[in-house]
file my_file_8.cif (mmCIF, C-alpha atoms and all ligand atoms)
data_coords
loop_
_atom_site.label_atom_id
_atom_site.label_comp_id
_atom_site.auth_asym_id
_atom_site.auth_seq_id
_atom_site.Cartn_x
_atom_site.Cartn_y
_atom_site.Cartn_z
CA MET A 1 61.61 9.34 -13.75
CA ALA A 2 61.75 13.07 -14.08
CA GLN A 3 60.69 16.56 -13.17
CA VAL A 4 58.94 18.75 -15.74
CA SER A 5 59.21 22.54 -15.54
CA LEU A 6 57.18 25.09 -17.45
CA LYS A 7 58.71 28.54 -17.58
CA ASP A 8 56.35 31.31 -18.69
CA VAL A 9 54.76 29.07 -21.30
CA THR A 10 52.23 30.73 -23.57
CA LYS A 11 50.25 29.32 -26.47
CA VAL A 12 48.43 31.44 -29.01
CA TYR A 13 46.52 29.63 -31.78
CA ASP A 14 45.96 31.23 -35.17
CA GLY A 15 47.33 34.54 -34.02
CA ASP A 16 44.54 35.38 -31.60
CA VAL A 17 43.27 32.47 -29.46
CA LEU A 18 45.20 32.75 -26.22
CA ALA A 19 44.92 29.13 -25.03
CA VAL A 20 47.61 29.16 -22.32
CA GLU A 21 48.93 32.32 -20.71
CA GLN A 22 52.32 32.39 -19.00
CA ALA A 23 52.13 29.07 -17.24
CA ASP A 24 55.00 28.88 -14.80
CA PHE A 25 55.19 25.87 -12.52
CA GLN A 26 56.90 22.59 -11.79
CA ILE A 27 55.72 19.03 -11.92
CA PRO A 28 57.93 17.37 -9.31
CA ASP A 29 59.59 14.03 -9.93
CA GLU A 30 57.20 11.15 -9.15
CA SER A 31 54.28 13.50 -8.48
CA PHE A 32 50.74 12.89 -9.66
CA THR A 33 49.91 16.32 -11.02
CA VAL A 34 46.38 17.00 -12.24
CA LEU A 35 45.48 19.84 -14.60
CA VAL A 36 41.82 20.63 -14.00
CA GLY A 37 39.41 23.26 -15.26
CA PRO A 38 36.31 23.71 -17.40
CA SER A 39 36.23 22.68 -21.04
CA GLY A 40 38.30 24.98 -23.25
CA CYS A 41 40.53 26.31 -20.45
CA GLY A 42 43.75 25.08 -22.08
CA LYS A 43 44.42 21.73 -20.36
CA SER A 44 44.97 19.67 -23.49
CA THR A 45 47.01 22.43 -25.05
CA MET A 46 49.34 22.45 -22.05
CA LEU A 47 49.68 18.67 -22.12
CA ARG A 48 50.29 18.61 -25.86
CA MET A 49 53.02 21.21 -25.52
CA ILE A 50 54.74 19.00 -22.94
CA ALA A 51 54.36 16.04 -25.32
CA GLY A 52 55.72 18.05 -28.24
CA LEU A 53 52.52 17.74 -30.27
CA GLU A 54 51.87 21.48 -30.16
CA GLU A 55 54.34 24.25 -30.79
CA ILE A 56 55.12 26.58 -27.89
CA THR A 57 54.43 30.23 -28.74
CA ALA A 58 56.60 31.62 -25.94
CA GLY A 59 58.44 30.27 -22.92
CA ASP A 60 60.37 27.06 -22.23
CA ILE A 61 59.66 23.54 -21.10
CA TYR A 62 62.30 21.45 -19.34
CA ILE A 63 62.52 17.81 -18.40
CA ASP A 64 64.97 17.82 -15.53
CA ASP A 65 67.65 20.23 -16.75
CA GLU A 66 67.09 19.71 -20.45
CA ARG A 67 65.18 22.30 -22.46
CA ILE A 68 62.87 20.27 -24.71
CA ASN A 69 61.20 22.97 -26.85
CA ASP A 70 62.93 21.79 -29.99
CA ILE A 71 63.12 18.08 -29.26
CA PRO A 72 60.72 16.04 -31.43
CA PRO A 73 57.95 14.18 -29.57
CA LYS A 74 59.42 10.74 -30.21
CA ASP A 75 62.67 11.70 -28.51
CA ARG A 76 61.09 13.24 -25.40
CA ASP A 77 60.75 10.01 -23.45
CA ILE A 78 57.12 10.79 -22.72
CA ALA A 79 54.10 8.53 -23.22
CA MET A 80 50.60 9.87 -23.66
CA VAL A 81 47.21 8.24 -23.12
CA PHE A 82 44.29 9.95 -24.79
CA GLN A 83 40.56 10.02 -24.10
CA ASN A 84 40.04 8.40 -27.45
CA TYR A 85 42.51 5.57 -27.07
CA ALA A 86 42.29 4.46 -30.71
CA LEU A 87 43.64 0.93 -30.57
CA TYR A 88 44.51 -0.70 -33.88
CA PRO A 89 41.40 -2.82 -34.52
CA HIS A 90 43.13 -5.47 -36.65
CA MET A 91 45.88 -6.14 -34.10
CA THR A 92 45.70 -8.27 -30.97
CA VAL A 93 46.19 -6.69 -27.56
CA TYR A 94 49.74 -8.03 -27.57
CA LYS A 95 50.53 -6.43 -30.91
CA ASN A 96 48.86 -3.16 -29.94
CA MET A 97 51.10 -2.97 -26.91
CA ALA A 98 54.22 -4.10 -28.76
CA PHE A 99 53.74 -1.81 -31.75
CA GLY A 100 55.51 1.30 -30.46
CA LEU A 101 58.54 -0.70 -29.36
CA LYS A 102 58.66 -2.54 -32.68
CA LEU A 103 58.73 0.78 -34.53
CA ARG A 104 61.64 1.79 -32.36
CA LYS A 105 63.35 -1.48 -33.28
CA TYR A 106 63.59 -2.99 -29.83
CA PRO A 107 64.80 -6.62 -29.76
CA LYS A 108 61.96 -9.15 -29.80
CA ALA A 109 62.84 -10.66 -26.44
CA GLU A 110 62.79 -7.30 -24.73
CA ILE A 111 59.47 -6.38 -26.33
CA ASP A 112 58.03 -9.66 -25.12
CA GLU A 113 59.28 -9.11 -21.62
CA ARG A 114 57.92 -5.54 -21.42
CA VAL A 115 54.50 -6.42 -22.87
CA LYS A 116 54.08 -9.31 -20.46
CA GLU A 117 55.20 -7.23 -17.51
CA ALA A 118 52.76 -4.40 -18.38
CA ALA A 119 49.96 -6.92 -18.99
CA GLU A 120 50.54 -8.34 -15.56
CA ILE A 121 50.56 -4.94 -13.88
CA LEU A 122 47.23 -4.16 -15.56
CA SER A 123 45.71 -7.63 -15.06
CA ILE A 124 45.17 -8.17 -18.77
CA SER A 125 47.56 -11.11 -19.34
CA HIS A 126 44.60 -13.30 -20.30
CA LEU A 127 43.55 -10.86 -23.01
CA LEU A 128 46.79 -10.65 -24.98
CA ASN A 129 45.48 -12.64 -27.95
CA ARG A 130 42.17 -10.82 -28.25
CA LYS A 131 41.35 -8.06 -30.68
CA PRO A 132 39.98 -4.74 -29.35
CA LYS A 133 36.40 -5.37 -30.54
CA HIS A 134 36.21 -8.30 -28.10
CA LEU A 135 37.17 -6.12 -25.14
CA SER A 136 35.02 -4.08 -22.76
CA GLY A 137 35.53 -0.31 -22.42
CA GLY A 138 37.58 -0.72 -19.26
CA GLU A 139 39.76 -3.41 -20.84
CA ARG A 140 40.45 -1.23 -23.85
CA GLN A 141 41.42 1.58 -21.54
CA ARG A 142 43.87 -0.73 -19.79
CA VAL A 143 45.43 -1.71 -23.12
CA ALA A 144 45.86 1.98 -23.96
CA VAL A 145 47.63 2.48 -20.62
CA GLY A 146 49.67 -0.67 -21.32
CA ARG A 147 50.93 0.83 -24.57
CA ALA A 148 52.30 3.71 -22.52
CA ILE A 149 53.77 1.54 -19.76
CA VAL A 150 55.82 -0.65 -22.12
CA ARG A 151 57.73 2.42 -23.23
CA HIS A 152 59.15 2.92 -19.70
CA PRO A 153 58.83 6.66 -20.23
CA LYS A 154 60.14 9.36 -17.94
CA VAL A 155 56.74 11.02 -17.82
CA PHE A 156 53.18 9.78 -18.40
CA LEU A 157 50.62 12.19 -19.81
CA PHE A 158 46.92 11.34 -19.55
CA ASP A 159 44.29 13.44 -21.34
CA GLU A 160 40.83 12.73 -19.88
CA PRO A 161 41.40 8.98 -20.19
CA LEU A 162 38.27 7.99 -18.28
CA SER A 163 35.69 10.25 -19.95
CA ASN A 164 34.36 7.46 -22.17
CA LEU A 165 33.69 5.06 -19.32
CA ASP A 166 30.52 4.72 -17.27
CA ALA A 167 30.46 6.11 -13.72
CA LYS A 168 31.21 2.86 -11.92
CA LEU A 169 34.08 1.89 -14.17
CA ARG A 170 35.48 5.40 -13.87
CA VAL A 171 35.74 5.05 -10.11
CA GLN A 172 37.47 1.68 -10.52
CA MET A 173 39.93 2.94 -13.15
CA ARG A 174 40.62 5.98 -10.98
CA MET A 175 41.85 3.66 -8.26
CA GLU A 176 43.81 1.56 -10.74
CA ILE A 177 45.63 4.55 -12.17
CA SER A 178 46.44 5.80 -8.65
CA ARG A 179 47.78 2.36 -7.78
CA LEU A 180 49.77 2.31 -10.98
CA HIS A 181 51.35 5.58 -9.96
CA ASP A 182 52.42 4.06 -6.63
CA ARG A 183 53.73 0.95 -8.30
CA LEU A 184 55.71 2.64 -11.10
CA ASN A 185 56.83 5.64 -9.05
CA ALA A 186 56.04 7.51 -12.21
CA THR A 187 55.75 11.23 -12.87
CA ILE A 188 52.18 11.59 -14.10
CA VAL A 189 50.45 14.62 -15.57
CA TYR A 190 46.73 13.96 -15.72
CA VAL A 191 44.14 16.19 -17.39
CA THR A 192 40.49 16.19 -16.40
CA HIS A 193 37.55 18.60 -16.28
CA ASP A 194 36.13 16.63 -13.34
CA GLN A 195 37.04 18.18 -10.00
CA VAL A 196 36.21 14.97 -8.12
CA GLU A 197 38.71 13.06 -10.27
CA ALA A 198 41.26 15.79 -9.64
CA MET A 199 40.71 15.81 -5.88
CA THR A 200 40.80 12.03 -5.50
CA MET A 201 43.83 11.38 -7.70
CA GLY A 202 46.15 14.36 -7.60
CA ASP A 203 48.81 15.16 -5.05
CA GLN A 204 49.40 18.45 -6.85
CA ILE A 205 46.43 20.05 -8.57
CA VAL A 206 46.75 22.89 -11.06
CA VAL A 207 43.44 24.72 -11.50
CA LEU A 208 43.09 26.48 -14.84
CA ASN A 209 40.52 28.91 -16.16
CA GLU A 210 40.60 30.68 -19.51
CA GLY A 211 44.23 29.72 -20.08
CA LYS A 212 45.40 31.08 -16.74
CA ILE A 213 46.58 29.18 -13.71
CA GLN A 214 44.27 30.01 -10.80
CA GLN A 215 45.94 28.03 -8.03
CA ILE A 216 48.39 25.18 -7.56
CA ALA A 217 47.95 23.19 -4.36
CA ASP A 218 47.18 19.88 -2.75
CA PRO A 219 43.48 18.88 -2.52
CA GLY A 220 43.06 19.99 1.12
CA THR A 221 44.46 23.46 0.49
CA LEU A 222 42.35 23.95 -2.63
CA TYR A 223 39.23 23.09 -0.71
CA HIS A 224 39.92 24.99 2.50
CA LYS A 225 41.95 27.90 1.15
CA PRO A 226 40.82 28.67 -2.39
CA ALA A 227 42.91 31.54 -3.74
CA ASN A 228 39.99 33.12 -5.51
CA GLN A 229 36.28 32.91 -6.14
CA PHE A 230 36.74 30.78 -9.24
CA VAL A 231 38.54 28.03 -7.32
CA GLY A 232 36.04 28.28 -4.45
CA GLY A 233 33.18 27.75 -6.89
CA PHE A 234 34.90 25.09 -9.00
CA ILE A 235 36.19 22.76 -6.30
CA GLY A 236 33.52 21.05 -4.18
CA THR A 237 29.99 19.85 -4.93
CA PRO A 238 27.67 21.53 -4.53
CA PRO A 239 29.84 24.61 -4.97
CA MET A 240 30.58 27.27 -2.39
CA ASN A 241 27.78 29.85 -1.95
CA PHE A 242 28.62 33.47 -2.69
CA ILE A 243 26.75 36.44 -1.25
CA GLU A 244 27.43 40.07 -2.02
CA THR A 245 27.53 41.98 1.28
CA GLN A 246 28.05 45.49 2.61
CA ILE A 247 30.61 46.20 5.31
CA VAL A 248 28.90 47.99 8.20
CA ASN A 249 29.96 49.16 11.62
CA ASN A 250 28.94 46.97 14.50
CA GLY A 251 29.97 49.07 17.48
CA ASP A 252 33.75 49.19 17.24
CA THR A 253 34.12 46.36 14.76
CA PRO A 254 33.04 45.74 11.19
CA ALA A 255 30.27 43.28 10.35
CA LEU A 256 28.62 42.27 7.09
CA ARG A 257 25.10 43.07 6.02
CA PHE A 258 23.02 41.68 3.20
CA GLU A 259 19.28 42.32 2.80
CA ASN A 260 18.22 42.72 6.43
CA PHE A 261 20.62 40.18 7.88
CA LYS A 262 23.77 40.94 9.82
CA VAL A 263 26.74 38.61 9.96
CA GLU A 264 29.44 39.06 12.61
CA LEU A 265 33.09 38.54 11.82
CA ASN A 266 35.79 36.90 13.88
CA ALA A 267 39.12 38.65 14.34
CA GLN A 268 40.72 36.92 11.36
CA LEU A 269 37.91 37.96 8.99
CA GLN A 270 37.97 41.49 10.36
CA SER A 271 41.65 41.87 9.63
CA ALA A 272 41.16 40.37 6.15
CA LEU A 273 38.95 43.38 5.39
CA ASN A 274 41.85 45.77 6.03
CA THR A 275 43.16 45.35 2.51
CA LEU A 276 39.86 46.47 0.96
CA SER A 277 39.19 50.08 0.04
CA GLY A 278 35.49 49.85 -0.83
CA ASP A 279 32.56 48.98 1.43
CA SER A 280 31.40 45.79 -0.21
CA VAL A 281 32.82 42.27 -0.06
CA THR A 282 31.82 38.83 -1.35
CA LEU A 283 31.14 36.29 1.36
CA GLY A 284 31.85 32.66 0.48
CA ILE A 285 30.38 29.85 2.54
CA ARG A 286 30.23 26.13 1.80
CA PRO A 287 26.95 24.19 2.12
CA GLU A 288 28.26 22.17 5.07
CA ASP A 289 29.11 25.39 6.92
CA ILE A 290 25.53 26.62 6.83
CA HIS A 291 23.86 25.06 9.77
CA VAL A 292 20.24 23.99 9.82
CA GLY A 293 19.15 23.00 13.30
CA GLU A 294 16.38 20.92 14.77
CA ASN A 295 12.92 21.72 13.44
CA GLY A 296 14.56 24.11 11.09
CA THR A 297 15.78 26.40 13.84
CA SER A 298 19.40 27.16 14.19
CA ASN A 299 21.57 25.33 16.66
CA SER A 300 22.97 27.63 19.32
CA LYS A 301 26.53 26.56 18.64
CA PHE A 302 26.79 29.38 16.12
CA GLN A 303 26.28 33.00 16.97
CA LEU A 304 22.74 34.28 17.12
CA GLU A 305 23.65 37.26 15.00
CA ASN A 306 24.59 35.08 12.09
CA ARG A 307 21.11 33.72 11.61
CA VAL A 308 19.37 34.04 8.31
CA GLU A 309 15.70 33.35 7.65
CA THR A 310 15.11 31.48 4.46
CA GLN A 311 12.52 29.59 2.52
CA VAL A 312 13.14 26.03 1.30
CA GLU A 313 12.84 25.83 -2.48
CA LEU A 314 13.94 22.25 -2.93
CA VAL A 315 15.06 19.35 -0.77
CA GLU A 316 17.45 16.84 -2.28
CA PRO A 317 17.84 13.74 -0.09
CA LEU A 318 21.16 12.03 -0.76
CA GLY A 319 21.12 9.07 1.60
CA ASN A 320 23.44 10.17 4.37
CA HIS A 321 22.47 13.83 4.20
CA ALA A 322 20.13 16.17 2.37
CA LEU A 323 20.80 19.29 0.37
CA LEU A 324 18.50 22.23 0.96
CA TYR A 325 18.13 24.82 -1.76
CA LEU A 326 17.25 27.96 0.17
CA ARG A 327 16.04 31.38 -0.84
CA THR A 328 15.98 34.78 0.76
CA GLU A 329 14.54 37.81 -0.96
CA GLN A 330 17.61 38.40 -3.12
CA ASN A 331 19.87 35.39 -2.65
CA ASN A 332 19.87 31.66 -3.26
CA PHE A 333 22.10 29.24 -1.49
CA VAL A 334 22.55 25.58 -0.74
CA ALA A 335 22.90 24.14 2.75
CA GLN A 336 23.67 20.65 3.84
CA SER A 337 21.35 19.14 6.44
CA ASP A 338 21.50 15.98 8.47
CA LEU A 339 18.56 13.66 8.02
CA ILE A 340 16.99 13.94 11.43
CA ASN A 341 14.80 16.94 10.77
CA VAL A 342 14.76 17.69 7.10
CA PRO A 343 12.43 20.62 6.48
CA GLN A 344 9.72 20.38 3.85
CA HIS A 345 9.50 22.16 0.55
CA ASN A 346 8.38 25.79 1.07
CA ALA A 347 9.06 25.66 4.84
CA GLN A 348 10.54 28.72 6.52
CA VAL A 349 13.83 27.82 8.14
CA THR A 350 16.41 29.78 10.06
CA VAL A 351 19.98 28.87 9.30
CA SER A 352 23.25 30.12 10.72
CA PHE A 353 26.59 30.56 9.05
CA ASN A 354 29.65 29.06 10.68
CA MET A 355 31.79 32.13 10.17
CA ASP A 356 34.93 30.35 11.35
CA LYS A 357 34.80 28.53 8.01
CA ALA A 358 33.78 31.52 5.90
CA HIS A 359 35.82 33.06 3.06
CA LEU A 360 35.94 36.64 1.87
CA PHE A 361 36.65 37.63 -1.71
CA HIS A 362 37.38 40.95 -3.36
CA PRO A 363 34.07 42.04 -4.94
CA GLU A 364 35.70 42.98 -8.26
CA THR A 365 38.79 40.81 -8.74
CA GLY A 366 37.46 37.72 -6.93
CA GLU A 367 40.82 37.29 -5.15
CA SER A 368 40.56 35.74 -1.73
CA LEU A 369 41.14 38.07 1.21
CA THR A 370 41.26 35.16 3.63
CA ALA A 371 43.67 32.78 1.87
CA PRO A 372 47.05 33.89 0.63
CA SER A 373 47.48 33.87 -3.12
CA CYS A 374 48.84 30.76 -4.83
CA GLN A 375 51.83 32.16 -6.64
N1 LIG A 401 44.11 23.71 -33.08
C1 LIG A 401 43.48 24.76 -32.54
N2 LIG A 401 43.30 25.91 -33.23
C2 LIG A 401 42.69 26.99 -32.68
N3 LIG A 401 42.23 27.03 -31.45
C3 LIG A 401 42.37 25.92 -30.68
C4 LIG A 401 43.00 24.73 -31.19
N4 LIG A 401 43.00 23.80 -30.20
C5 LIG A 401 42.41 24.38 -29.14
N5 LIG A 401 42.03 25.65 -29.43
C6 LIG A 401 41.39 26.61 -28.50
O1 LIG A 401 42.24 26.79 -27.38
C7 LIG A 401 41.51 26.83 -26.18
C8 LIG A 401 41.98 25.73 -25.25
O2 LIG A 401 41.67 24.47 -25.80
P1 LIG A 401 42.03 23.10 -25.12
O3 LIG A 401 43.45 23.13 -24.69
O4 LIG A 401 41.64 22.00 -26.04
O5 LIG A 401 41.09 23.11 -23.83
P2 LIG A 401 40.68 21.94 -22.81
O6 LIG A 401 41.53 20.74 -23.09
O7 LIG A 401 40.91 22.54 -21.47
O8 LIG A 401 39.23 21.70 -23.05
C9 LIG A 401 40.05 26.72 -26.58
O9 LIG A 401 39.55 28.03 -26.70
C10 LIG A 401 40.09 26.05 -27.93
O10 LIG A 401 38.99 26.41 -28.71
MG MG A 402 40.95 18.78 -23.66
#

call {"tool": "encode", "arguments": {"input": "my_file_8.cif", "output": "structure tokens"}}
result
Amino acid sequence: MAQVSLKDVTKVYDGDVLAVEQADFQIPDESFTVLVGPSGCGKSTMLRMIAGLEEITAGDIYIDDERINDIPPKDRDIAMVFQNYALYPHMTVYKNMAFGLKLRKYPKAEIDERVKEAAEILSISHLLNRKPKHLSGGERQRVAVGRAIVRHPKVFLFDEPLSNLDAKLRVQMRMEISRLHDRLNATIVYVTHDQVEAMTMGDQIVVLNEGKIQQIADPGTLYHKPANQFVGGFIGTPPMNFIETQIVNNGDTPALRFENFKVELNAQLQSALNTLSGDSVTLGIRPEDIHVGENGTSNSKFQLENRVETQVELVEPLGNHALLYLRTEQNNFVAQSDLINVPQHNAQVTVSFNMDKAHLFHPETGESLTAPSCQ
């Protein structure tokens, strides 16, 4: 297996579409690296440059110590699985999987051995004589992965391979691909727009927006220490709440004010404000860190000062908890409630913010003041 390095890689299409801007990072040997971001942010472009299917406008890509910019795709020792897996309809599963090796003139016995081995890994040995039209969506997806496995590549590239599957099958295939990674000890680069897929599968996650890398981290760090407002809002469902606040004096220490509510800051948040020159800051707080207490009154475990009176716009029961869509005069936010005392639609409830879990972001750049930057 192998390590892939991108050094200041940029891609400009047709002279003016900046699809990837100075991507500079490493995909460690045997890692499961996920590229995630909204549609159009440059994920596929980045993957296709690694595969050699797209020319690199500037920068270099290495596999281990070898610069591969000018190496044709077929010689890169990389196998790619696409969203649209396009099996050859007239060929059996066996032949679909064998095809790439046959083109490369592998001996028949070796092809046979590799196809059977891959089929076993993917639990499709019983399907080898079937044609694609007699397979389910999940089975076809496995065949597409099998075509990649038989190549014994240094690096696997997956481009949204589960998007065409229904929700249940997606969860199952997610597990299967993770297991495959453990079994093959493969270096995998996996593209998805789905942050849940990214969080559940990746050990290194690269968050992209508008062609730019926003943060590279493990799932826990992305969730708890988002480097900027984009990552805070993109990772986690429902997303982090953001409130524009004013910094005010609270005796000797700064506090935050929005509308007629005052929010106190712990020492760490106070010192995070030191880098700011203006008097406004964006407060970020996740739904589970907004506490709704019994009968809609706030539990005393959070500070009294951090209470906010709201009106319930919508209650979304989700089985083990409920989501409350809350409104103040000028802000909307979502809180997570346990199911013991779920307030009713239109009820007035007082909530409190657990400021030990709060984030602060620069009001203009969106950079986090509470988590160190990613790069
Ligand atoms: N062949 C192309 N020619 C021109 N622009 C392209 C081409 N392919 C992609 N783009 C543009 O580059 C940007 C990134 O696209 P892409 O890498 O496909 O995004 P993603 O896979 O994250 O959805 C988008 O703005 C897209 O419209
Ligand atoms: Mg894409």

call {"tool": "residues_near_point", "arguments": {"input": "my_file_8.cif", "point": "(43.1, 24.3, -12.7)", "cutoff": "7 Å", "atoms": "all atoms listed in the file", "output": "ChimeraX atom specification"}}
result
/A:35-37,205-209,213-215

call {"tool": "residues_near_ligand", "arguments": {"input": "my_file_8.cif", "ligand": "ligand MG 402 (chain A)", "cutoff": "8 Å", "atoms": "only C-alpha atoms and all ligand atoms", "output": "VMD selection string"}}
result
chain A and resid 39 to 40 42 to 45 159 to 160 191 to 192

call {"tool": "write_last_selection", "arguments": {"input": "my_file_8.cif", "atoms": "C-alpha atoms", "output": "PDB file, keeping the file's coordinate frame"}}
result
ATOM      1  CA  SER A  39      36.230  22.680 -21.040  1.00  0.00           C
ATOM      2  CA  GLY A  40      38.300  24.980 -23.250  1.00  0.00           C
ATOM      3  CA  GLY A  42      43.750  25.080 -22.080  1.00  0.00           C
ATOM      4  CA  LYS A  43      44.420  21.730 -20.360  1.00  0.00           C
ATOM      5  CA  SER A  44      44.970  19.670 -23.490  1.00  0.00           C
ATOM      6  CA  THR A  45      47.010  22.430 -25.050  1.00  0.00           C
ATOM      7  CA  ASP A 159      44.290  13.440 -21.340  1.00  0.00           C
ATOM      8  CA  GLU A 160      40.830  12.730 -19.880  1.00  0.00           C
ATOM      9  CA  VAL A 191      44.140  16.190 -17.390  1.00  0.00           C
ATOM     10  CA  THR A 192      40.490  16.190 -16.400  1.00  0.00           C
TER      11      THR A 192
END

call {"tool": "closest_residue", "arguments": {"input": "my_file_8.cif", "among": "A:Lys212, A:His152, A:Lys108, A:Arg142", "to": "A:Ile124", "atoms": "all atoms listed in the file"}}
result
A:Arg142

call {"tool": "residues_around", "arguments": {"input": "my_file_8.cif", "residues": "stretch 324-340 of chain A", "least_positions_apart": "5", "cutoff": "12 Å", "atoms": "all atoms listed in the file", "output": "NGL selection string"}}
result
:A and (237-245 or 258-261 or 283-299 or 308-319 or 345-354)

call {"tool": "atom_distance", "arguments": {"input": "my_file_8.cif", "atom1": "atom CA of A:His126", "atom2": "atom CA of A:Pro107"}}
result
23.3 Å

call {"tool": "atom_distance", "arguments": {"input": "my_file_8.cif", "atom1": "atom CA of A:Ala2", "atom2": "atom CA of A:Ala51"}}
result
13.8 Å

call {"tool": "residues_around", "arguments": {"input": "my_file_8.cif", "residues": "A:Arg104", "least_positions_apart": "3", "cutoff": "10 Å", "atoms": "all atoms listed in the file", "output": "ChimeraX atom specification"}}
result
/A:74,99-101,107,151

call {"tool": "atom_distance", "arguments": {"input": "my_file_8.cif", "atom1": "atom CA of A:Leu135", "atom2": "atom CA of A:Val115"}}
result
17.5 Å

call {"tool": "closest_residue", "arguments": {"input": "my_file_8.cif", "among": "A:Ile235, A:Val17, A:Ile177, A:Leu47", "to": "A:Gly146", "atoms": "only C-alpha atoms"}}
result
A:Ile177

call {"tool": "axis_aligned_box", "arguments": {"input": "my_file_8.cif", "around": "stretch 80-92 of chain A", "padding_each_side": "8 Å", "output": "JSON"}}
result
{"center_x": 45.3, "center_y": 0.9, "center_z": -29.9, "size_x": 26.6, "size_y": 34.3, "size_z": 29.5}

call {"tool": "closest_residue", "arguments": {"input": "my_file_8.cif", "among": "A:Met199, A:Val263, A:Val150, A:Ala19", "to": "ligand LIG 401 (chain A)", "atoms": "all atoms listed in the file"}}
result
A:Ala19

call {"tool": "closest_residue", "arguments": {"input": "my_file_8.cif", "among": "A:Tyr88, A:Phe234, A:Tyr106, A:Tyr62", "to": "A:Pro28", "atoms": "all atoms listed in the file"}}
result
A:Tyr62

call {"tool": "closest_residue", "arguments": {"input": "my_file_8.cif", "among": "A:Ala23, A:Cys41, A:Leu265, A:Leu6", "to": "ligand LIG 401 (chain A)", "atoms": "all atoms listed in the file"}}
result
A:Cys41

call {"tool": "residues_near_point", "arguments": {"input": "my_file_8.cif", "point": "(35.7, 33.3, 3.3)", "cutoff": "9 Å", "atoms": "only C-alpha atoms", "output": "PyMOL selection string"}}
result
chain A and resi 225-226+269+282-285+355-361+368-371

call {"tool": "write_last_selection", "arguments": {"input": "my_file_8.cif", "atoms": "C-alpha atoms", "output": "PDB file, in the coordinates of the input"}}
result
ATOM      1  CA  LYS A 225      41.950  27.900   1.150  1.00  0.00           C
ATOM      2  CA  PRO A 226      40.820  28.670  -2.390  1.00  0.00           C
ATOM      3  CA  LEU A 269      37.910  37.960   8.990  1.00  0.00           C
ATOM      4  CA  THR A 282      31.820  38.830  -1.350  1.00  0.00           C
ATOM      5  CA  LEU A 283      31.140  36.290   1.360  1.00  0.00           C
ATOM      6  CA  GLY A 284      31.850  32.660   0.480  1.00  0.00           C
ATOM      7  CA  ILE A 285      30.380  29.850   2.540  1.00  0.00           C
ATOM      8  CA  MET A 355      31.790  32.130  10.170  1.00  0.00           C
ATOM      9  CA  ASP A 356      34.930  30.350  11.350  1.00  0.00           C
ATOM     10  CA  LYS A 357      34.800  28.530   8.010  1.00  0.00           C
ATOM     11  CA  ALA A 358      33.780  31.520   5.900  1.00  0.00           C
ATOM     12  CA  HIS A 359      35.820  33.060   3.060  1.00  0.00           C
ATOM     13  CA  LEU A 360      35.940  36.640   1.870  1.00  0.00           C
ATOM     14  CA  PHE A 361      36.650  37.630  -1.710  1.00  0.00           C
ATOM     15  CA  SER A 368      40.560  35.740  -1.730  1.00  0.00           C
ATOM     16  CA  LEU A 369      41.140  38.070   1.210  1.00  0.00           C
ATOM     17  CA  THR A 370      41.260  35.160   3.630  1.00  0.00           C
ATOM     18  CA  ALA A 371      43.670  32.780   1.870  1.00  0.00           C
TER      19      ALA A 371
END

call {"tool": "closest_residue", "arguments": {"input": "my_file_8.cif", "among": "A:Ser271, A:Asn250, A:Gln141, A:Gln344", "to": "A:Gln172", "atoms": "all atoms listed in the file"}}
result
A:Gln141

call {"tool": "residues_around", "arguments": {"input": "my_file_8.cif", "residues": "A:Asp218", "least_positions_apart": "2", "cutoff": "9 Å", "atoms": "only C-alpha atoms", "output": "compact mmCIF listing (two decimals) with C-alpha atoms, in the frame of the given file"}}
result
# COMPACT_ATOMS: atom_id res chain seq x y z
CA MET A 199 40.71 15.81 -5.88
CA GLY A 202 46.15 14.36 -7.60
CA ASP A 203 48.81 15.16 -5.05
CA GLN A 204 49.40 18.45 -6.85
CA ILE A 205 46.43 20.05 -8.57
CA VAL A 206 46.75 22.89 -11.06
CA ILE A 216 48.39 25.18 -7.56
CA GLY A 220 43.06 19.99 1.12
CA THR A 221 44.46 23.46 0.49
CA LEU A 222 42.35 23.95 -2.63
CA TYR A 223 39.23 23.09 -0.71

call {"tool": "residues_around", "arguments": {"input": "my_file_8.cif", "residues": "A:Val145", "least_positions_apart": "6", "cutoff": "10 Å", "atoms": "all atoms listed in the file", "output": "number ranges by chain"}}
result
A: 79-82, 85, 97, 118-119, 122, 139, 156, 158, 161, 177, 180

call {"tool": "build_atoms", "arguments": {"input": "my_file_8.cif", "residues": "stretch 211-216 of chain A", "atoms": "N, CA and C atoms", "output": "short mmCIF file (atom, residue, chain, number, x, y, z; two decimals), in the frame of the given file"}}
result
data_model
loop_
_atom_site.label_atom_id
_atom_site.label_comp_id
_atom_site.auth_asym_id
_atom_site.auth_seq_id
_atom_site.Cartn_x
_atom_site.Cartn_y
_atom_site.Cartn_z
N GLY A 211 42.81 29.71 -19.73
CA GLY A 211 44.23 29.72 -20.08
C GLY A 211 45.15 30.17 -18.96
N LYS A 212 44.56 30.56 -17.83
CA LYS A 212 45.40 31.08 -16.74
C LYS A 212 45.36 30.16 -15.53
N ILE A 213 46.53 29.98 -14.92
CA ILE A 213 46.58 29.18 -13.71
C ILE A 213 45.94 29.98 -12.57
N GLN A 214 44.98 29.35 -11.89
CA GLN A 214 44.27 30.01 -10.80
C GLN A 214 44.90 29.69 -9.46
N GLN A 215 45.33 28.45 -9.30
CA GLN A 215 45.94 28.03 -8.03
C GLN A 215 46.61 26.68 -8.24
N ILE A 216 47.71 26.48 -7.54
CA ILE A 216 48.39 25.18 -7.56
C ILE A 216 48.51 24.74 -6.11
#
